[in-house]
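This is model_21.cif. It holds mmCIF, C-alpha atoms.
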data_coords
loop_
_atom_site.label_atom_id
_atom_site.label_comp_id
_atom_site.auth_asym_id
_atom_site.auth_seq_id
_atom_site.Cartn_x
_atom_site.Cartn_y
_atom_site.Cartn_z
CA MET A 137 31.61 10.95 -22.75
CA ALA A 138 33.86 11.35 -19.73
CA LEU A 139 30.90 12.67 -17.71
CA ALA A 140 28.84 9.59 -18.51
CA VAL A 141 31.70 7.20 -17.66
CA THR A 142 32.25 9.03 -14.37
CA ALA A 143 28.54 8.87 -13.53
CA VAL A 144 28.43 5.14 -14.25
CA ALA A 145 31.55 4.48 -12.18
CA LEU A 146 30.29 6.44 -9.19
CA LEU A 147 26.74 5.11 -9.27
CA SER A 148 27.99 1.52 -9.52
CA PHE A 149 29.17 1.88 -5.94
CA VAL A 150 25.79 3.06 -4.67
CA GLY A 151 24.09 0.24 -2.84
CA ALA A 152 20.60 1.18 -4.02
CA GLY A 153 21.40 0.94 -7.69
CA ASP A 154 22.81 -1.87 -9.81
CA PHE A 155 25.05 -1.59 -12.86
CA TRP A 156 22.18 -1.33 -15.35
CA GLN A 157 20.54 1.46 -13.38
CA ALA A 158 23.87 3.29 -13.28
CA LEU A 159 24.32 2.80 -17.00
CA GLY A 160 20.83 4.13 -17.71
CA LEU A 161 21.35 7.17 -15.51
CA GLY A 162 24.69 7.88 -17.14
CA LEU A 163 23.23 7.56 -20.64
CA LEU A 164 19.86 9.33 -20.28
CA GLY A 165 20.67 11.71 -17.46
CA VAL A 166 24.22 12.76 -18.37
CA LEU A 167 25.55 11.67 -21.75
CA LEU A 168 22.61 12.57 -24.04
CA PRO A 169 22.00 16.01 -22.43
CA ALA A 170 25.77 16.71 -22.57
CA LEU A 171 25.85 15.82 -26.27
CA ALA A 172 22.86 18.09 -26.89
CA LEU A 173 24.74 20.98 -25.27
CA ALA A 174 27.96 20.15 -27.09
CA GLN A 175 26.33 20.37 -30.51
CA LEU A 176 25.09 23.95 -30.02
CA PRO A 177 28.11 25.64 -31.69
CA LEU A 178 27.50 23.49 -34.77
CA LEU A 179 23.88 24.46 -35.36
CA GLY A 180 24.72 27.57 -37.33
CA MET A 181 26.71 25.47 -39.80
CA ILE A 182 23.99 22.88 -40.41
CA ASP A 183 22.01 23.04 -43.65
CA VAL A 184 18.43 22.34 -42.55
CA ASP A 185 17.23 19.36 -44.59
CA ARG A 186 13.90 18.77 -42.90
CA VAL A 187 13.16 15.37 -44.42
CA SER A 188 16.55 13.96 -43.39
CA ILE A 189 16.29 15.50 -39.93
CA TYR A 190 12.80 14.09 -39.37
CA ARG A 191 13.89 10.61 -40.44
CA GLY A 192 17.10 10.70 -38.43
CA SER A 193 15.29 11.96 -35.36
CA CYS A 194 12.73 9.14 -35.62
CA VAL A 195 15.48 6.54 -35.68
CA THR A 196 17.35 8.18 -32.79
CA ILE A 197 14.27 8.55 -30.58
CA LEU A 198 13.14 4.99 -31.22
CA ALA A 199 16.64 3.80 -30.34
CA VAL A 200 16.65 5.81 -27.10
CA GLY A 201 13.23 4.47 -26.14
CA GLY A 202 14.28 0.91 -27.01
CA VAL A 203 17.46 1.17 -24.97
CA ALA A 204 15.49 2.57 -22.03
CA ALA A 205 13.00 -0.30 -22.27
CA ALA A 206 15.83 -2.85 -22.40
CA LEU A 207 17.57 -1.25 -19.42
CA GLY A 208 14.30 -1.33 -17.50
CA TRP A 209 14.05 -5.05 -18.11
CA LEU A 210 17.69 -5.66 -17.17
CA SER A 211 17.35 -3.52 -14.03
CA ASN A 212 14.10 -4.76 -12.55
CA GLY A 213 12.40 -7.06 -15.04
CA GLU A 214 9.97 -4.34 -16.22
CA PHE A 215 10.36 -4.10 -19.98
CA LEU A 216 8.19 -1.06 -20.73
CA PRO A 217 7.66 0.78 -17.43
CA GLY A 218 4.33 2.53 -17.13
CA LEU A 219 2.68 1.14 -20.26
CA VAL A 220 -0.38 -0.04 -18.37
CA ALA A 221 -4.08 0.40 -19.07
CA VAL A 222 -5.93 3.40 -17.66
CA SER A 223 -9.66 4.07 -17.45
CA PRO A 224 -11.17 5.99 -20.39
CA ARG A 225 -12.18 8.82 -18.06
CA ASP A 226 -8.67 9.25 -16.67
CA LEU A 227 -7.15 8.83 -20.10
CA LEU A 228 -9.27 11.64 -21.56
CA PHE A 229 -8.90 13.96 -18.59
CA TRP A 230 -5.15 13.68 -18.11
CA THR A 231 -4.36 13.72 -21.83
CA ALA A 232 -6.42 16.90 -22.26
CA ALA A 233 -5.01 18.51 -19.11
CA ALA A 234 -1.38 17.83 -19.98
CA THR A 235 -1.90 18.90 -23.60
CA GLY A 236 -3.57 22.11 -22.50
CA GLY A 237 -0.79 22.81 -20.02
CA GLY A 238 1.92 22.27 -22.61
CA LEU A 239 0.19 24.59 -25.09
CA ALA A 240 -0.29 27.16 -22.32
CA LEU A 241 3.49 27.20 -21.79
CA ILE A 242 3.94 27.96 -25.50
CA GLY A 243 1.34 30.72 -25.15
CA VAL A 244 3.18 32.21 -22.18
CA SER A 245 6.41 32.23 -24.20
CA ARG A 246 4.63 34.10 -26.98
CA ALA A 247 3.12 36.58 -24.51
CA LEU A 248 6.59 37.29 -23.12
CA GLY A 249 7.80 38.06 -26.60
CA GLN A 250 10.00 34.98 -26.86
CA ASP A 251 9.99 32.52 -29.69
CA PRO A 252 8.08 29.47 -28.35
CA TRP A 253 10.81 27.13 -29.58
CA GLY A 254 13.64 29.02 -27.91
CA SER A 255 16.33 31.51 -28.84
CA SER A 256 17.60 29.92 -32.06
CA PRO A 257 14.83 30.80 -34.55
CA GLY A 258 17.08 30.62 -37.59
CA PHE A 259 17.63 26.89 -37.01
CA VAL A 260 14.67 25.76 -34.93
CA LEU A 261 11.89 27.48 -36.85
CA GLY A 262 13.57 26.25 -39.99
CA LEU A 263 12.51 22.77 -38.85
CA ILE A 264 8.81 23.58 -39.17
CA PRO A 265 7.30 21.54 -42.03
CA ARG A 266 6.17 23.33 -45.19
CA THR A 267 5.13 20.77 -47.78
CA PRO A 268 2.49 18.02 -47.45
CA ARG A 269 5.25 15.39 -47.43
CA GLU A 270 7.13 17.20 -44.66
CA LYS A 271 3.94 17.54 -42.65
CA ARG A 272 3.28 13.80 -42.89
CA LEU A 273 6.81 13.01 -41.78
CA PHE A 274 6.60 15.54 -38.96
CA ALA A 275 3.34 13.98 -37.78
CA GLY A 276 5.07 10.60 -37.64
CA LEU A 277 8.00 12.13 -35.76
CA SER A 278 5.61 13.71 -33.25
CA ILE A 279 4.06 10.33 -32.48
CA VAL A 280 7.46 8.64 -32.24
CA ALA A 281 8.71 11.38 -29.91
CA GLY A 282 5.67 10.99 -27.70
CA LEU A 283 6.32 7.27 -27.30
CA GLY A 284 10.13 7.11 -27.22
CA GLU A 285 10.81 10.13 -25.02
CA GLU A 286 8.08 9.30 -22.53
CA VAL A 287 9.29 5.71 -22.15
CA ALA A 288 12.84 6.99 -21.64
CA TYR A 289 12.26 10.01 -19.37
CA ARG A 290 8.89 9.64 -17.64
CA GLY A 291 9.20 5.87 -17.65
CA TYR A 292 12.72 4.55 -17.15
CA LEU A 293 14.65 7.58 -15.83
CA LEU A 294 11.91 8.73 -13.45
CA SER A 295 11.34 5.25 -12.01
CA THR A 296 15.08 4.63 -11.67
CA LEU A 297 15.62 7.84 -9.73
CA GLU A 298 12.75 6.85 -7.46
CA LEU A 299 14.27 3.38 -6.93
CA LEU A 300 17.47 5.07 -5.77
CA GLY A 301 15.45 6.51 -2.90
CA LEU A 302 15.25 10.11 -4.14
CA GLY A 303 11.47 10.28 -3.90
CA GLN A 304 8.85 11.10 -6.49
CA TRP A 305 9.37 14.82 -6.80
CA ILE A 306 13.16 14.80 -6.78
CA GLY A 307 12.96 12.12 -9.46
CA ALA A 308 10.46 14.24 -11.38
CA ILE A 309 12.68 17.32 -11.23
CA GLY A 310 15.82 15.38 -12.13
CA SER A 311 14.25 13.66 -15.13
CA SER A 312 12.68 16.93 -16.30
CA VAL A 313 15.99 18.81 -16.12
CA ALA A 314 17.63 16.10 -18.24
CA PHE A 315 14.69 16.22 -20.65
CA GLY A 316 14.97 19.99 -20.97
CA LEU A 317 18.72 19.86 -21.64
CA LEU A 318 18.11 17.19 -24.28
CA HIS A 319 16.33 19.94 -26.24
CA ALA A 320 19.21 22.42 -25.96
CA TYR A 321 19.00 23.08 -29.70
CA GLN A 322 15.90 25.15 -28.89
CA GLY A 323 17.98 27.67 -26.97
CA ALA A 324 17.92 28.71 -23.31
CA ALA A 325 14.23 29.64 -23.31
CA GLY A 326 13.46 26.35 -25.04
CA ILE A 327 15.34 24.37 -22.39
CA VAL A 328 13.30 26.01 -19.65
CA ARG A 329 9.99 25.56 -21.46
CA THR A 330 10.71 21.94 -22.38
CA GLY A 331 11.87 21.17 -18.84
CA LEU A 332 8.64 22.61 -17.46
CA THR A 333 6.67 20.61 -20.03
CA GLY A 334 8.49 17.49 -18.85
CA LEU A 335 7.52 18.28 -15.27
CA LEU A 336 3.93 18.77 -16.40
CA LEU A 337 3.95 15.39 -18.16
CA VAL A 338 4.95 13.73 -14.89
CA LEU A 339 1.60 14.59 -13.31
CA PRO A 340 -0.50 12.07 -15.29
CA VAL A 341 2.05 9.37 -14.42
CA PHE A 342 1.74 10.14 -10.71
CA ALA A 343 -2.06 10.34 -10.90
CA THR A 344 -2.74 7.20 -12.96
CA GLY A 345 0.41 5.08 -12.74
CA SER A 346 0.39 4.96 -16.54
CA LEU A 347 2.52 6.59 -19.22
CA ILE A 348 -0.22 6.45 -21.84
CA PRO A 349 -1.84 9.87 -21.11
CA SER A 350 1.60 11.50 -21.15
CA ILE A 351 2.52 9.77 -24.42
CA LEU A 352 -0.67 11.01 -26.07
CA ALA A 353 -0.32 14.52 -24.63
CA HIS A 354 3.32 14.74 -25.72
CA ALA A 355 2.39 13.75 -29.27
CA CYS A 356 -0.55 16.19 -29.32
CA ILE A 357 1.61 19.09 -28.13
CA ASN A 358 4.17 18.39 -30.85
CA LEU A 359 1.51 18.02 -33.54
CA ILE A 360 -0.29 21.24 -32.64
CA ALA A 361 2.96 23.18 -32.21
CA GLY A 362 4.43 21.98 -35.50
CA LEU A 363 1.37 21.80 -37.73
CA MET A 364 -0.77 24.65 -36.42
CA ILE A 365 1.29 27.17 -34.43
CA GLY A 366 4.45 26.86 -36.51
CA PRO A 367 2.87 27.68 -39.89
CA ARG A 368 1.26 30.76 -38.36
CA LEU A 369 4.68 32.01 -37.31
CA LEU A 370 5.98 31.38 -40.81
CA ALA A 371 3.06 33.28 -42.30
CA GLU A 372 3.82 36.20 -39.98
CA GLY A 373 7.34 36.29 -41.33
CA GLU A 374 9.00 35.22 -38.07
CA ALA A 375 11.12 32.54 -39.73
CA PRO A 376 12.99 32.17 -43.00
CA GLN A 377 11.05 30.58 -45.85
#
How does the structure come out when it is put into structure tokens?
Amino acid sequence: MALAVTAVALLSFVGAGDFWQALGLGLLGVLLPALALAQLPLLGMIDVDRVSIYRGSCVTILAVGGVAAALGWLSNGEFLPGLVAVSPRDLLFWTAAATGGGLALIGVSRALGQDPWGSSPGFVLGLIPRTPREKRLFAGLSIVAGLGEEVAYRGYLLSTLELLGLGQWIGAIGSSVAFGLLHAYQGAAGIVRTGLTGLLLVLPVFATGSLIPSILAHACINLIAGLMIGPRLLAEGEAPQ
């Protein structure tokens, strides 16, 4: 919490950014990643109740996306940054390209002998849905994550870093690092993979000016990873039943 307060206080004195921008940077770029890191020692003590975790994560992600949208409106009058129409051709191409790239990163992790979700298989792979009900809830969570996290990190945080004069690619790297750290529960390898996935999901935004391909690709990656790749790992005995 102290890190976020410090970030807000310092950024409030930067001429290029107003209070709401500073607040958003402190929340999305500092506080939430710091909390994700802080909870790591507790993961081994958590009883994995998948249904409760899916529901709680949906609420949290929707709240984060909603706060980001509200901060975008308070900062520059743009309520949902990047939610603009894109041509069907670009939509199909960039959604497929980003989805393929994200799945390729999972494949590379597997080829290197690392668990694709990171270095905490006892907890993380325990989140993979087993029952039909869990799979339905996980599918809903995947869609919510695609929308909420893209609005927050490829929409609000990326655009805010650009407005501060850092440039597109510095903004892309900064928002992707924060996005990777937000997934610290996946372990060190998971942070790196998720950060790279975040950087990959920036490309459709730069190419089309729209978040929609990235939202769809994000949801597709989660769905395929959780509902197709995950069960194969369970069947191979790589995670506790």
Quiz item: Of the candidates A:Ile348, A:Val280, A:Asp185, A:Gly316, which one gets nearest to Ala199 (chain A) if we count all atoms listed in the file?
Solution: A:Val280
Could you work out an axis-aligned bounding box for all listed atoms of region 221-234 of chain A, with 3 Å added on each of the six sides, and give its centre and edge lengths in Å to one decimal, as AutoDock Vina command-line options?
--center_x -6.8 --center_y 9.5 --center_z -19.5 --size_x 16.8 --size_y 24.1 --size_z 11.6
Exercise. May I have the residues within 10 Å of Ile365 (chain A) as a list in words, using all atoms listed in the file and disregarding those fewer than 5 positions away in the same chain?
Key: Leu239, Ile242, Gly243, Pro252, Ile264, Asn358, Leu359, Ile360 and Leu370 of chain A
Quiz item: If you measure from CA of Trp209 (chain A) to CA of Arg290 (chain A), what distance in Å do you get, rounded to one decimal?
Solution: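 So the answer is 15.6 Å.
If you measure from each of A:Val328, A:Leu207, A:Ile306, A:Leu228 to Ala158 (chain A) using all atoms listed in the file, the closest one turns out to be A:Leu207.
CA of Leu335 (chain A) lies 6.6 Å from CA of Ile309 (chain A).
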